[in-house]
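File shown here: input.cif, holding mmCIF, C-alpha atoms and all ligand atoms.
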```
data_target
loop_
_atom_site.label_atom_id
_atom_site.label_comp_id
_atom_site.auth_asym_id
_atom_site.auth_seq_id
_atom_site.Cartn_x
_atom_site.Cartn_y
_atom_site.Cartn_z
CA MET A 746 0.00 0.00 0.00
CA THR A 747 1.39 3.42 -0.89
CA LYS A 748 1.17 6.40 1.38
CA ALA A 749 -1.43 7.98 -0.88
CA ALA A 750 -3.49 4.79 -0.77
CA MET A 751 -3.29 4.76 3.00
CA GLN A 752 -4.66 8.27 3.18
CA THR A 753 -7.54 7.27 0.92
CA ASP A 754 -8.28 4.23 3.08
CA THR A 755 -8.83 6.34 6.14
CA GLU A 756 -11.50 8.29 4.34
CA THR A 757 -13.59 5.29 3.34
CA GLU A 758 -15.64 3.22 5.71
CA THR A 759 -15.32 0.01 3.73
CA ALA A 760 -11.52 -0.01 3.67
CA GLU A 761 -9.59 -2.58 5.62
CA PRO A 762 -8.34 -1.48 9.03
CA ARG A 763 -5.02 0.31 8.64
CA PHE A 764 -3.28 -1.71 11.29
CA SER A 765 -4.41 -5.28 10.87
CA LEU A 766 -2.36 -7.39 13.21
CA GLU A 767 -2.89 -10.36 10.94
CA ASN A 768 -1.48 -8.69 7.88
CA ILE A 769 2.19 -8.71 8.64
CA HIS A 770 3.55 -8.84 5.13
CA ILE A 771 5.15 -5.60 4.05
CA SER A 772 6.32 -5.14 0.49
CA ASP A 773 8.79 -2.46 -0.56
CA ALA A 774 5.89 -0.46 -1.98
CA ASP A 775 4.31 -0.30 1.50
CA VAL A 776 7.30 1.40 3.07
CA PRO A 777 6.78 5.17 3.09
CA PRO A 778 9.40 7.23 1.27
CA PHE A 779 12.27 7.78 3.66
CA ILE A 780 12.42 11.42 2.72
CA ASP A 781 9.17 11.76 4.66
CA MET A 782 10.73 10.58 7.92
CA PRO A 783 9.35 13.19 10.28
CA PHE A 784 12.37 13.48 12.52
CA GLU A 785 13.15 16.51 14.54
CA ASP A 786 15.55 17.03 17.41
CA ILE A 787 17.71 14.03 16.56
CA GLU A 788 20.08 13.72 19.44
CA GLU A 789 23.63 14.94 18.92
CA LEU A 790 26.68 13.80 20.83
CA LYS A 791 26.20 14.53 24.51
CA LEU A 792 28.72 16.16 26.79
CA ASP A 793 29.13 13.03 28.91
CA HIS A 794 30.16 10.96 25.87
CA PRO A 795 33.76 9.68 26.16
CA GLY A 796 34.53 11.33 22.81
CA ALA A 797 32.92 14.68 23.64
CA SER A 798 36.20 16.56 23.97
CA ASP A 799 38.02 14.72 21.15
CA ALA A 800 37.68 17.00 18.12
CA ALA A 801 38.84 14.34 15.66
CA TYR A 802 36.31 11.83 17.03
CA ARG A 803 33.51 14.36 16.87
CA GLU A 804 34.35 15.18 13.27
CA ARG A 805 34.43 11.50 12.29
CA ARG A 806 31.17 10.74 14.10
CA ASP A 807 29.49 13.67 12.41
CA TYR A 808 30.84 12.60 9.02
CA ILE A 809 29.39 9.08 9.41
CA ALA A 810 26.16 10.56 10.77
CA GLY A 811 26.03 12.61 7.55
CA LEU A 812 26.27 9.41 5.48
CA SER A 813 23.39 7.95 7.50
CA LYS A 814 21.33 11.08 6.99
CA ARG A 815 21.85 10.88 3.24
CA PHE A 816 19.71 7.75 3.22
CA ARG A 817 16.60 9.87 3.62
CA GLU A 818 17.23 11.50 0.28
CA THR A 819 18.51 8.52 -1.68
CA GLY A 820 16.84 5.53 -0.03
CA VAL A 821 20.18 3.78 -0.49
CA ILE A 822 22.39 2.74 2.42
CA THR A 823 25.88 4.21 2.08
CA ASP A 824 28.58 1.79 3.23
CA VAL A 825 31.10 3.23 5.66
CA ASP A 826 34.80 2.87 4.93
CA TYR A 827 35.73 2.20 8.56
CA THR A 828 39.29 3.07 9.58
CA GLU A 829 41.72 0.54 11.04
CA GLU A 830 41.28 2.15 14.45
CA GLU A 831 37.51 1.64 14.21
CA GLN A 832 37.99 -1.95 13.08
CA GLY A 833 40.25 -2.44 16.10
CA ILE A 834 37.53 -1.28 18.49
CA TRP A 835 35.12 -3.73 16.84
CA ARG A 836 37.55 -6.65 17.01
CA HIS A 837 38.22 -6.03 20.68
CA VAL A 838 34.56 -5.72 21.67
CA ALA A 839 33.20 -8.44 19.38
CA ALA A 840 35.69 -11.08 20.54
CA ARG A 841 35.12 -10.40 24.22
CA LEU A 842 31.36 -10.36 23.83
CA GLU A 843 31.40 -13.61 21.90
CA GLU A 844 32.93 -15.43 24.85
CA LEU A 845 30.04 -14.23 26.99
CA HIS A 846 27.46 -15.00 24.29
CA GLU A 847 28.48 -18.64 24.19
CA LYS A 848 27.61 -18.87 27.85
CA TYR A 849 24.61 -16.58 28.15
CA ALA A 850 22.99 -15.83 24.78
CA SER A 851 19.77 -17.36 23.48
CA PRO A 852 20.44 -20.12 20.90
CA SER A 853 18.23 -18.14 18.51
CA TYR A 854 20.65 -15.26 18.80
CA LEU A 855 23.74 -17.41 18.27
CA LYS A 856 22.24 -18.90 15.13
CA ALA A 857 21.13 -15.46 13.94
CA LYS A 858 24.62 -14.06 14.12
CA ARG A 859 25.86 -16.89 11.94
CA ASP A 860 22.94 -16.48 9.50
CA LEU A 861 23.79 -12.80 9.10
CA GLY A 862 27.48 -13.51 8.61
CA ILE A 863 28.53 -11.16 11.41
CA SER A 864 32.20 -11.81 12.15
CA ASN A 865 34.54 -10.58 14.83
CA ASP A 866 37.03 -9.42 12.17
CA ARG A 867 35.26 -6.63 10.32
CA ILE A 868 32.49 -4.19 11.16
CA PRO A 869 29.43 -5.39 9.24
CA GLN A 870 27.75 -3.01 6.78
CA LEU A 871 24.08 -2.19 7.26
CA SER A 872 23.54 -2.75 3.52
CA ASP A 873 24.67 -6.39 3.73
CA MET A 874 22.73 -7.14 6.89
CA SER A 875 19.59 -5.47 5.55
CA ARG A 876 19.73 -7.51 2.33
CA ARG A 877 20.11 -10.73 4.29
CA LEU A 878 17.37 -9.85 6.78
CA LYS A 879 15.01 -9.14 3.95
CA GLU A 880 15.61 -12.61 2.54
CA LEU A 881 15.11 -14.26 5.92
CA THR A 882 12.19 -12.44 7.56
CA ASN A 883 11.47 -9.47 5.30
CA PHE A 884 12.96 -7.03 7.79
CA ARG A 885 14.93 -3.96 6.71
CA LEU A 886 17.46 -1.54 8.16
CA ALA A 887 17.44 2.21 7.65
CA PRO A 888 20.42 4.33 8.70
CA ILE A 889 19.75 7.16 11.14
CA GLU A 890 22.16 9.69 12.56
CA GLY A 891 21.10 9.51 16.22
CA LEU A 892 18.42 8.78 18.76
CA VAL A 893 14.92 9.85 17.82
CA ASP A 894 11.84 10.00 20.02
CA THR A 895 10.13 6.78 21.06
CA ARG A 896 7.05 7.09 18.86
CA ALA A 897 9.06 7.85 15.71
CA PHE A 898 11.53 5.04 16.34
CA LEU A 899 8.96 2.40 17.22
CA SER A 900 6.59 3.39 14.41
CA TRP A 901 9.13 2.34 11.79
CA LEU A 902 9.01 -1.20 13.12
CA SER A 903 5.47 -1.25 11.75
CA TRP A 904 7.04 -1.34 8.27
CA ARG A 905 9.44 -4.04 9.41
CA THR A 906 12.19 -1.45 9.40
CA MET A 907 14.70 -0.76 12.14
CA LEU A 908 16.49 2.58 12.31
CA SER A 909 20.17 2.02 12.95
CA THR A 910 23.23 4.18 13.55
CA GLN A 911 26.50 3.55 11.72
CA TYR A 912 29.21 5.31 13.73
CA ILE A 913 31.23 3.56 16.43
CA ARG A 914 31.98 4.38 20.07
CA HIS A 915 35.12 6.17 21.30
CA HIS A 916 38.34 4.13 21.53
CA SER A 917 39.04 5.26 25.11
CA ARG A 918 36.13 3.20 26.45
CA PRO A 919 35.43 0.32 24.07
CA GLU A 920 33.17 -1.36 26.62
CA TYR A 921 30.86 1.63 26.93
CA THR A 922 28.69 3.95 24.90
CA PRO A 923 25.95 6.26 26.13
CA GLU A 924 24.31 6.30 22.69
CA PRO A 925 23.49 3.56 20.18
CA ASP A 926 26.40 2.79 17.84
CA ILE A 927 27.18 0.13 15.24
CA VAL A 928 28.28 -2.29 17.99
CA HIS A 929 25.03 -1.95 19.90
CA GLU A 930 22.96 -2.19 16.70
CA SER A 931 24.69 -5.07 14.96
CA ILE A 932 25.76 -7.17 17.95
CA GLY A 933 22.74 -6.26 20.05
CA HIS A 934 19.69 -5.65 17.91
CA ILE A 935 20.02 -6.74 14.33
CA PRO A 936 20.55 -10.52 14.69
CA MET A 937 17.25 -11.06 16.51
CA PHE A 938 15.28 -9.81 13.51
CA THR A 939 16.18 -13.08 11.78
CA ASN A 940 13.78 -14.82 14.20
CA GLN A 941 10.32 -14.80 12.62
CA ASN A 942 8.39 -14.50 15.88
CA PHE A 943 10.66 -11.78 17.21
CA ALA A 944 10.40 -9.88 13.93
CA ASP A 945 6.59 -10.13 13.98
CA TYR A 946 6.55 -9.07 17.64
CA SER A 947 8.63 -6.01 16.76
CA GLN A 948 6.20 -5.17 14.00
CA PHE A 949 3.26 -5.39 16.41
CA ILE A 950 4.99 -2.87 18.68
CA GLY A 951 5.39 -0.67 15.61
CA HIS A 952 1.69 -0.94 14.79
CA GLY A 953 0.90 -0.02 18.37
CA ALA A 954 3.20 3.00 18.31
CA ARG A 955 1.43 4.43 15.28
CA ILE A 956 -1.96 4.48 16.98
CA ALA A 957 -1.00 4.78 20.65
CA THR A 958 -2.07 7.53 23.00
CA ASP A 959 0.78 9.30 24.78
CA GLU A 960 0.21 7.08 27.79
CA GLN A 961 0.32 3.95 25.62
CA ILE A 962 3.59 5.14 24.07
CA GLU A 963 5.03 5.18 27.58
CA GLU A 964 3.78 1.62 28.05
CA LEU A 965 5.26 0.51 24.74
CA GLY A 966 8.56 2.13 25.70
CA ARG A 967 8.64 -0.02 28.86
CA LEU A 968 7.65 -3.15 26.96
CA TYR A 969 10.43 -2.47 24.45
CA TRP A 970 12.92 -1.85 27.28
CA PHE A 971 12.17 -5.04 29.18
CA THR A 972 12.13 -7.22 26.05
CA VAL A 973 14.05 -5.88 23.04
CA GLU A 974 16.68 -4.16 25.20
CA PHE A 975 16.89 -6.27 28.37
CA GLY A 976 14.91 -9.42 27.70
CA LEU A 977 15.67 -12.92 28.96
CA VAL A 978 14.13 -16.09 27.53
CA GLU A 979 13.70 -19.61 28.83
CA HIS A 980 15.40 -22.31 26.82
CA GLU A 981 15.31 -25.98 27.83
CA GLY A 982 15.13 -25.16 31.51
CA GLU A 983 17.82 -22.49 31.36
CA ILE A 984 17.58 -18.71 31.20
CA LYS A 985 19.28 -17.01 28.26
CA ALA A 986 19.65 -13.42 27.07
CA TYR A 987 18.14 -11.96 23.90
CA GLY A 988 17.96 -8.22 24.77
CA ALA A 989 20.29 -5.92 22.85
CA GLY A 990 21.30 -3.95 25.93
CA LEU A 991 22.51 -7.19 27.50
CA LEU A 992 24.10 -8.79 24.43
CA SER A 993 26.12 -5.69 23.53
CA SER A 994 27.45 -4.95 27.02
CA PHE A 995 30.01 -7.01 29.01
CA GLY A 996 28.90 -5.47 32.27
CA GLU A 997 25.15 -5.82 31.80
CA LEU A 998 25.37 -9.37 30.48
CA GLU A 999 27.34 -10.75 33.43
CA HIS A 1000 25.29 -8.67 35.84
CA ALA A 1001 22.03 -10.08 34.39
CA PHE A 1002 23.01 -13.57 35.53
CA SER A 1003 24.34 -12.55 38.93
CA ASP A 1004 22.48 -12.71 42.22
CA LYS A 1005 22.18 -8.91 42.19
CA VAL A 1006 19.34 -9.18 39.68
CA GLU A 1007 15.80 -10.28 40.23
CA ARG A 1008 14.60 -12.36 37.27
CA ARG A 1009 10.81 -12.56 37.12
CA PRO A 1010 8.52 -14.44 34.75
CA PHE A 1011 7.29 -12.08 32.05
CA ASP A 1012 3.90 -10.54 32.75
CA LEU A 1013 2.80 -7.99 30.18
CA GLU A 1014 0.53 -5.97 32.47
CA GLU A 1015 3.28 -5.72 35.04
CA VAL A 1016 5.97 -4.85 32.50
CA ILE A 1017 4.04 -1.99 30.88
CA ASN A 1018 3.56 -0.47 34.32
CA THR A 1019 7.12 -0.92 35.61
CA SER A 1020 9.51 2.00 35.33
CA TYR A 1021 13.24 1.67 34.80
CA ASP A 1022 16.40 3.70 35.18
CA TYR A 1023 18.46 3.67 31.97
CA SER A 1024 21.51 5.23 33.62
CA ASP A 1025 22.30 2.31 35.95
CA MET A 1026 22.69 -1.48 35.87
CA GLN A 1027 19.27 -3.12 35.67
CA PRO A 1028 18.12 -4.66 38.98
CA LEU A 1029 15.01 -6.34 37.56
CA LEU A 1030 14.65 -8.39 34.37
CA TYR A 1031 11.78 -10.41 32.88
CA VAL A 1032 11.98 -13.90 31.41
CA ILE A 1033 9.68 -14.75 28.49
CA PRO A 1034 8.67 -18.39 27.93
CA SER A 1035 9.22 -18.07 24.15
CA TYR A 1036 9.21 -15.50 21.34
CA ALA A 1037 5.95 -16.98 20.03
CA GLU A 1038 4.21 -16.35 23.34
CA LEU A 1039 5.62 -12.84 23.57
CA LYS A 1040 4.23 -12.19 20.11
CA GLU A 1041 0.76 -13.53 20.94
CA VAL A 1042 0.35 -11.69 24.21
CA THR A 1043 1.47 -8.49 22.49
CA ARG A 1044 -0.94 -9.04 19.61
CA GLU A 1045 -3.77 -9.21 22.14
CA TYR A 1046 -2.52 -6.09 23.97
CA ILE A 1047 -2.12 -3.96 20.83
CA SER A 1048 -5.50 -5.04 19.51
CA ARG A 1049 -7.02 -3.16 22.46
CA PHE A 1050 -5.60 0.16 21.17
CA LYS A 1051 -8.30 2.35 19.73
CA GLY A 1052 -6.37 3.89 16.86
FE FE B 1 18.98 -0.32 21.69
#
```
Write the structure described by the file as structure tokens, please.
Ligand SMILES: [Fe+2]
Amino acid sequence: MTKAAMQTDTETETAEPRFSLENIHISDADVPPFIDMPFEDIEELKLDHPGASDAAYRERRDYIAGLSKRFRETGVITDVDYTEEEQGIWRHVAARLEELHEKYASPSYLKAKRDLGISNDRIPQLSDMSRRLKELTNFRLAPIEGLVDTRAFLSWLSWRTMLSTQYIRHHSRPEYTPEPDIVHESIGHIPMFTNQNFADYSQFIGHGARIATDEQIEELGRLYWFTVEFGLVEHEGEIKAYGAGLLSSFGELEHAFSDKVERRPFDLEEVINTSYDYSDMQPLLYVIPSYAELKEVTREYISRFKG
């Protein structure tokens, strides 16, 4: 469906509902033109970023952010010619995280990384991962130059599209970044979109975001936080990690399995009403029984939105 067709649909009573939770197929023609991305106030590098006072880093980050921004005009992902220093940061972080993944990550995630061809040697390009995701689960990646507000970010999931940054964290603190970067996106988020149920679940959140009240957006933000960012899943009697905030952070991943964390069975009503503090280690995490069940319970929840 094109954007023009969507506008027509809303004016006719006989048209199909705009946000059918059954109709999860999205063709390229359904995706709105990226030039229409209504983004304002995209976050720039903050003063507490480890690279904030490094002029060369700031210039490089802004250059790569500019490549990401170009996507909105061209619709084509520009590959980044990462420097050897940047590749070094990736190699260091990716190798260390992989050791932890073997112990703690969901088998779905481990398989996904292989399916996407993500290696510890070279920073993966969004263009390659997006092409592969499209073949596997019809998901797509769209470069973005920084954090956008929750509704805008989540809404794009409705078109099975994840907005993703391309720059990399500062070399002085390879284990840490206060903003999303290519490590967080491609080690944390992107692999899970190869899982059909997880991809569909993400799309349901996107549908919800497009019709949510402001209060429901807050709820969706919490649901996203406790699943996509910090989710745990049961697998053959064991608890494993699938959240991007866990899988892309040495500290959070080990902490998640320590006795400092309370791990509760996932309860949607509880999760959407539980606040969190993004600036500290997470003291409370939720364990889903499976991605299929997460998807179904979310389908039921979103279907209650009025639109
Ligand atoms: Fe994230």
Next item on the list: Enumerate as a ChimeraX atom specification the residues within 10 Å of ligand FE 1 (chain B), counting all atoms listed in the file.
Entry: /A:892,909,924-926,929-930,933-935,969-970,973-975,988-991,993
Next item on the list: Find, counting only C-alpha atoms, the residue in A:Ile950, A:Leu1030, A:Ala810, A:Ile834 that gets nearest to Pro888 in chain A.
Entry: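 Checking each candidate against Pro888 in chain A, we get A:Ala810 as the closest.
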Notebook entry, point to check: From the list A:Ile984, A:Leu812, A:Ile932, A:Leu1039, which residue is nearest Ala887 in chain A when using all atoms listed in the file?
Noted result: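 Going through A:Ile984, A:Leu812, A:Ile932, A:Leu1039 one by one, the smallest distance to Ala887 in chain A is for A:Leu812.
Counting all atoms listed in the file, the residue from A:Ile1047, A:Ser872, A:Pro795, A:Val928 that sits nearest to Phe816 in chain A is A:Ser872.
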Check: Pick from A:Pro852, A:Pro936, A:Pro777, A:Gly951: nearest to Leu968 in chain A, with all atoms listed in the file counted?
Finding: A:Gly951
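Using all atoms listed in the file, the shortest contact distance between Asp959 in chain A and any of A:Glu844, A:Ser1003, A:His916, A:Arg896 is found at A:Arg896.
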Next item on the list: Identify which of the residues A:Val1032, A:Ile889, A:Leu878, A:Leu845 lies closest to Gly820 in chain A, counting all atoms listed in the file when measuring atom-to-atom distances.
Entry: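 Checking each candidate against Gly820 in chain A, we get A:Ile889 as the closest.
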Check: CA of Ile962 in chain A and CA of Glu1038 in chain A are how many Å apart?
Finding: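 Value for the CA of Ile962 in chain A-CA of Glu1038 in chain A distance: 21.5 Å.
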Item checked: Between CA of Ala800 in chain A and CA of Asp826 in chain A - distance in Å to one decimal ->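 Straight-line distance from CA of Asp826 in chain A to CA of Ala800 in chain A works out to 19.5 Å.
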Note to self: List the spatial neighbours of Trp901 in chain A as a VMD selection string - criterion: any atom at most 12 Å away, all atoms listed in the file, same-chain residues fewer than 6 positions off excluded.
What the structure shows: chain A and resid 771 775 to 779 781 to 784 884 to 889 893 to 895 907 to 909 947 to 955
Note to self: Please report the interatomic distance between CA of Tyr1036 in chain A and CA of Lys858 in chain A in Å with one decimal.
What the structure shows: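 Calculated distance between CA of Tyr1036 in chain A and CA of Lys858 in chain A is 17.1 Å.
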Item checked: Contacts of Glu999 in chain A at 12 Å (only C-alpha atoms; same-chain gap of 6+ positions) as a VMD selection string -> chain A and resid 842 844 to 846 848 to 850 985 to 986 990 to 993 1005 to 1006 1026 to 1027
Item checked: Thr882 in chain A surroundings by all atoms listed in the file, 12 Å radius, close-in-sequence under 6 positions cut, as a list in words -> Ile769, His770, Ile771, Ser772, Ala857, Asp860, Leu861, Met874, Ser875, Arg876, Arg905, Thr906, Ile935, Pro936, Met937, Phe938, Thr939, Asn940, Gln941, Asn942, Phe943, Ala944, Asp945, Ser947 and Gln948 of chain A
Next item on the list: For Arg1044 in chain A, list every protein, DNA or RNA residue within 8 Å, evaluated using only C-alpha atoms, and leave out those in the same chain fewer than 3 positions away; present the list as an MDAnalysis selection string.
Entry: chainID A and resid 766 946 949 1040:1041 1047:1048
